[in-house]
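These notes concern the structure reproduced below.
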2 protein chains.
Amino acid sequence: MNIGDVSKRAGLPPKTIRYYEDIGLVTPLRDPNGYRSFRGSDMHKLAFLSRARALGFTIEDCRNLLALWDDKDRASADVQAIAKEHLTQIESKIADLQDIRKTLTHLVKECAGDDRPDCPILQTLENISKQ
Amino acid sequence: MNIGDVSKRAGLPPKTIRYYEDIGLVTPLRDPNGYRSFRGSDMHKLAFLSRARALGFTIEDCRNLLALWDDKDRASADVQAIAKEHLTQIESKIADLQDIRKTLTHLVKECAGDDRPDCPILQTLENISKQ
DNA sequence: GATAGAGGTTCCAGCAGGTGGAAGGTCAAG
DNA sequence: CTTGACCTTCCACCTGCTGGAACCTCTATC
């Protein structure tokens with residue numbers, strides 16, 4: 001399979017796939033014309049990567065997950081540990097964003113949003129003490 | 001004021017402040033010895049930036065907010081528009097992360113997390129159809 | 001006056017995770 | 001035999017800093 005086909009099937013841009021090859025996540029063969037030639041296993045890996053990335057795993061996490069995936073003697077605890085750690089980070093990000101949302105919602109509501117210059121949003125950024 | 005003082009007061013690392021000067025967000029004077037010399041207004045801008053960044057505004061948003069802040073004839077609607085747009089993006093990010101959290105929580109729960117190799121996390125990444 | 005240490009300066013490189021574009025090779029259809 | 005879609009490489013750029021090297025400057029102490 002050429003990169004275009006794999007791209008469509010895995011849902012990853014060709015550029016991204018080349019990048020993944022660059023950083024050693026996948027190693028397709030080469031046709032005599034120099035084109036990358038992806039085997040079924042490469043395709044599988046890329047689909048795996050696509051999903052793992054969509055779940056927000058870092059590239060390094062993905063590298064580790066792929067290694068565990070390849071290792072038929074893995075302990076599921078190792079996989080779970082990566083996922084748990086990631087979940088913790090997701091949760092902390094959500095909490096941060098919710099804080100921001102709260103503040104922002106409040107500010108947007110306070111602001112008249114007309115053609116007058118006085119604006120509680122700017123006032124708050126000027127001096128957060130007002131909360 | 002030297003960069004160290006400003007750094008402490010604004011809660012921004014010196015490196016960040018130099019970077020903000022680089023990209024034209026702030027333009028401190030210079031002492032004869034070459035040291036940056038921050039006026040009260042510079043200090044204010046940096047504190048403003050620190051807060052706006054903490055609320056997740058992009059640097060470009062910050063640039064625009066600073067311009068509006070400087071413009072005493074601004075319409076508060078312009079400020080509000082930036083904040084609203086940002087809020088929308090925050091909300092969409094929260095929604096994305098909540099989706100991810102849901103999937104991840106489910107996966108972590110499903111996985112035995114022991115020394116056996118079978119792992120629903122890997123299975124799902126292999127074939128998302130299982131959801 | 002020497003020296004140590006805590007500031008300050010510049011510049012260059014690198015992080016994550018790609019993306020855009022230029023310059024060129026290749027293939028299938030008409 | 002040309003057109004257009006694909007492929008290749010390489011290099012630069014994005015966001016928002018951060019680390020480090022090499023060097024200058026100020027203040028305090030001996």
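We name chains A, B, ... following the order of the structure tokens; residues begin at 1 in each chain, and ligands are numbered from 1 as shown.
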Output the contact residues of chain B with respect to chain C at a cut-off of 9 Å, based on only C-alpha atoms (C1' of nucleotides), as a list of chain:residue names.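 Contact residues on the first chain: B:Asn2, B:Ile3, B:Gly4, B:Gly34, B:Tyr35, B:Arg36.
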Go ahead and save the residues from that selection, with N, CA and C atoms, as a PDB file, in the first residue's frame.
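Generated output (out-v3.pdb):
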```
ATOM      1  N   ASN B   2      14.594  46.420  37.554  1.00  0.00           N
ATOM      2  CA  ASN B   2      15.278  45.406  36.751  1.00  0.00           C
ATOM      3  C   ASN B   2      14.367  44.213  36.486  1.00  0.00           C
ATOM      4  N   ILE B   3      14.833  43.351  35.616  1.00  0.00           N
ATOM      5  CA  ILE B   3      13.980  42.240  35.189  1.00  0.00           C
ATOM      6  C   ILE B   3      13.631  41.307  36.343  1.00  0.00           C
ATOM      7  N   GLY B   4      14.560  41.149  37.275  1.00  0.00           N
ATOM      8  CA  GLY B   4      14.318  40.251  38.404  1.00  0.00           C
ATOM      9  C   GLY B   4      13.155  40.709  39.263  1.00  0.00           C
ATOM     10  N   GLY B  34      23.014  48.672  29.953  1.00  0.00           N
ATOM     11  CA  GLY B  34      22.397  47.698  29.065  1.00  0.00           C
ATOM     12  C   GLY B  34      21.271  46.920  29.709  1.00  0.00           C
ATOM     13  N   TYR B  35      21.122  47.062  31.009  1.00  0.00           N
ATOM     14  CA  TYR B  35      20.045  46.366  31.710  1.00  0.00           C
ATOM     15  C   TYR B  35      18.701  46.935  31.274  1.00  0.00           C
ATOM     16  N   ARG B  36      17.699  46.069  31.207  1.00  0.00           N
ATOM     17  CA  ARG B  36      16.348  46.549  30.926  1.00  0.00           C
ATOM     18  C   ARG B  36      15.836  47.349  32.120  1.00  0.00           C
TER      19      ARG B  36
END
```
Just the residues within 10 Å of Leu87 in chain B, please, counting only C-alpha atoms (C1' of nucleotides), with nothing from its chain fewer than 3 positions along; format it as a count of residues only. 19
Could you give me, as a Markdown table, a per-residue list for chain B showing, wherever an atom lies at most 12 Å from an atom of chain D, the closest pair of atoms and their distance in Å to one decimal, using only C-alpha atoms (C1' of nucleotides) and sorting by chain then residue number from low to high?
```
| residue | atom | partner | partner_atom | distance |
| --- | --- | --- | --- | --- |
| B:Leu12 | CA | D:DC17 | C1' | 11.3 |
| B:Pro13 | CA | D:DT18 | C1' | 9.9 |
| B:Pro14 | CA | D:DT18 | C1' | 10.7 |
| B:Lys15 | CA | D:DT18 | C1' | 7.6 |
| B:Thr16 | CA | D:DC17 | C1' | 6.6 |
| B:Ile17 | CA | D:DC17 | C1' | 10.2 |
| B:Arg18 | CA | D:DC17 | C1' | 10.5 |
| B:Tyr19 | CA | D:DC17 | C1' | 7.8 |
| B:Tyr20 | CA | D:DC17 | C1' | 9.8 |
| B:Asp22 | CA | D:DC17 | C1' | 11.9 |
| B:Ile23 | CA | D:DG16 | C1' | 11.0 |
| B:Asp31 | CA | D:DT25 | C1' | 11.9 |
| B:Pro32 | CA | D:DT25 | C1' | 11.2 |
| B:Asn33 | CA | D:DT25 | C1' | 7.6 |
| B:Gly34 | CA | D:DT25 | C1' | 9.5 |
| B:Tyr35 | CA | D:DT25 | C1' | 9.3 |
| B:Arg53 | CA | D:DG16 | C1' | 10.3 |
| B:Gly56 | CA | D:DG16 | C1' | 11.6 |
| B:Phe57 | CA | D:DG16 | C1' | 11.7 |
| B:Thr58 | CA | D:DT15 | C1' | 8.7 |
| B:Ile59 | CA | D:DG16 | C1' | 8.2 |
| B:Glu60 | CA | D:DT15 | C1' | 10.4 |
```
Export of prior selection with C-alpha atoms as a short mmCIF file (atom, residue, chain, number, x, y, z; two decimals), in the first residue's frame:
```cif
data_model
loop_
_atom_site.label_atom_id
_atom_site.label_comp_id
_atom_site.auth_asym_id
_atom_site.auth_seq_id
_atom_site.Cartn_x
_atom_site.Cartn_y
_atom_site.Cartn_z
CA LEU B 12 6.63 35.64 35.07
CA PRO B 13 10.09 34.10 34.55
CA PRO B 14 12.72 36.53 33.26
CA LYS B 15 13.07 34.43 30.12
CA THR B 16 9.41 34.88 29.39
CA ILE B 17 9.64 38.61 29.88
CA ARG B 18 12.57 38.83 27.48
CA TYR B 19 10.56 36.77 25.04
CA TYR B 20 7.63 39.14 25.38
CA ASP B 22 11.24 40.05 21.54
CA ILE B 23 7.77 39.69 20.15
CA ASP B 31 19.89 51.66 31.54
CA PRO B 32 23.35 52.83 30.48
CA ASN B 33 24.72 49.44 31.51
CA GLY B 34 22.40 47.70 29.07
CA TYR B 35 20.05 46.37 31.71
CA ARG B 53 -2.17 34.01 29.75
CA GLY B 56 -5.55 30.72 28.44
CA PHE B 57 -5.69 33.62 26.00
CA THR B 58 -3.25 33.16 23.14
CA ILE B 59 -0.42 35.61 22.65
CA GLU B 60 -2.29 37.10 19.72
#
```
Here is a test: counting only C-alpha atoms, which residue of B:Gly11, B:Gly113, B:Pro28, B:Gly40 is nearest to chain A?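 Ranking B:Gly11, B:Gly113, B:Pro28, B:Gly40 by distance to chain A, first place goes to B:Gly113.
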Please report the interatomic distance between CA of Ala52 in chain A and CA of His86 in chain A in Å with one decimal.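 Interatomic distance here is 11.1 Å.
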Of the listed residues B:Ala95, B:Ala67, B:Cys111, B:Ala10, that which approaches Phe38 in chain B most closely, counting only C-alpha atoms: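 Going through B:Ala95, B:Ala67, B:Cys111, B:Ala10 one by one, the smallest distance to Phe38 in chain B is for B:Ala10.
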Can you list, as number ranges by chain, every residue of chain A that DSSP puts in alpha helix (DSSP H)? A: 3-10, 14-22, 40-54, 59-70, 76-110, 120-126
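Atom pair CA of Ala75 in chain B / CA of Arg51 in chain B has a distance of 21.1 Å (rounded to one decimal).
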Going by DSSP on the backbone, which residues of chain A come out as strand (DSSP E or B)? List them as a PyMOL selection string. chain A and resi 29-30+36-37
Could you dump the residues just selected with C-alpha atoms as a CSV table (one decimal), in the first residue's frame?
```csv
chain,number,residue,atom,x,y,z
A,29,LEU,CA,9.4,-1.1,3.3
A,30,ARG,CA,10.4,0.7,0.1
A,36,ARG,CA,7.0,3.7,0.9
A,37,SER,CA,5.3,0.3,0.9
```
Report the distance between CA of Arg9 in chain B and CA of Ala47 in chain B in Å, rounded to one decimal place.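 Going from CA of Arg9 in chain B over to CA of Ala47 in chain B, I get 7.8 Å.
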Just checking: using only C-alpha atoms, which residue out of B:Ser7, B:Thr27, B:Ser41, B:Asn127 ends up closest to chain A? B:Asn127
Which residue of A:Ile94, A:Val6, A:Leu107, A:Val79 approaches Leu46 in chain A most closely, using only C-alpha atoms: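 Between A:Ile94, A:Val6, A:Leu107, A:Val79, the residue approaching Leu46 in chain A most closely is A:Val6.
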Select, from B:His44, B:His106, B:Arg63, B:Lys8, the residue with the minimum atom-to-atom distance to chain A, counting only C-alpha atoms. B:His44
Closest to chain A among B:Asp115, B:Asp5, B:Asp42, B:Asp61, using only C-alpha atoms?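 Checking each candidate against chain A, we get B:Asp115 as the closest.
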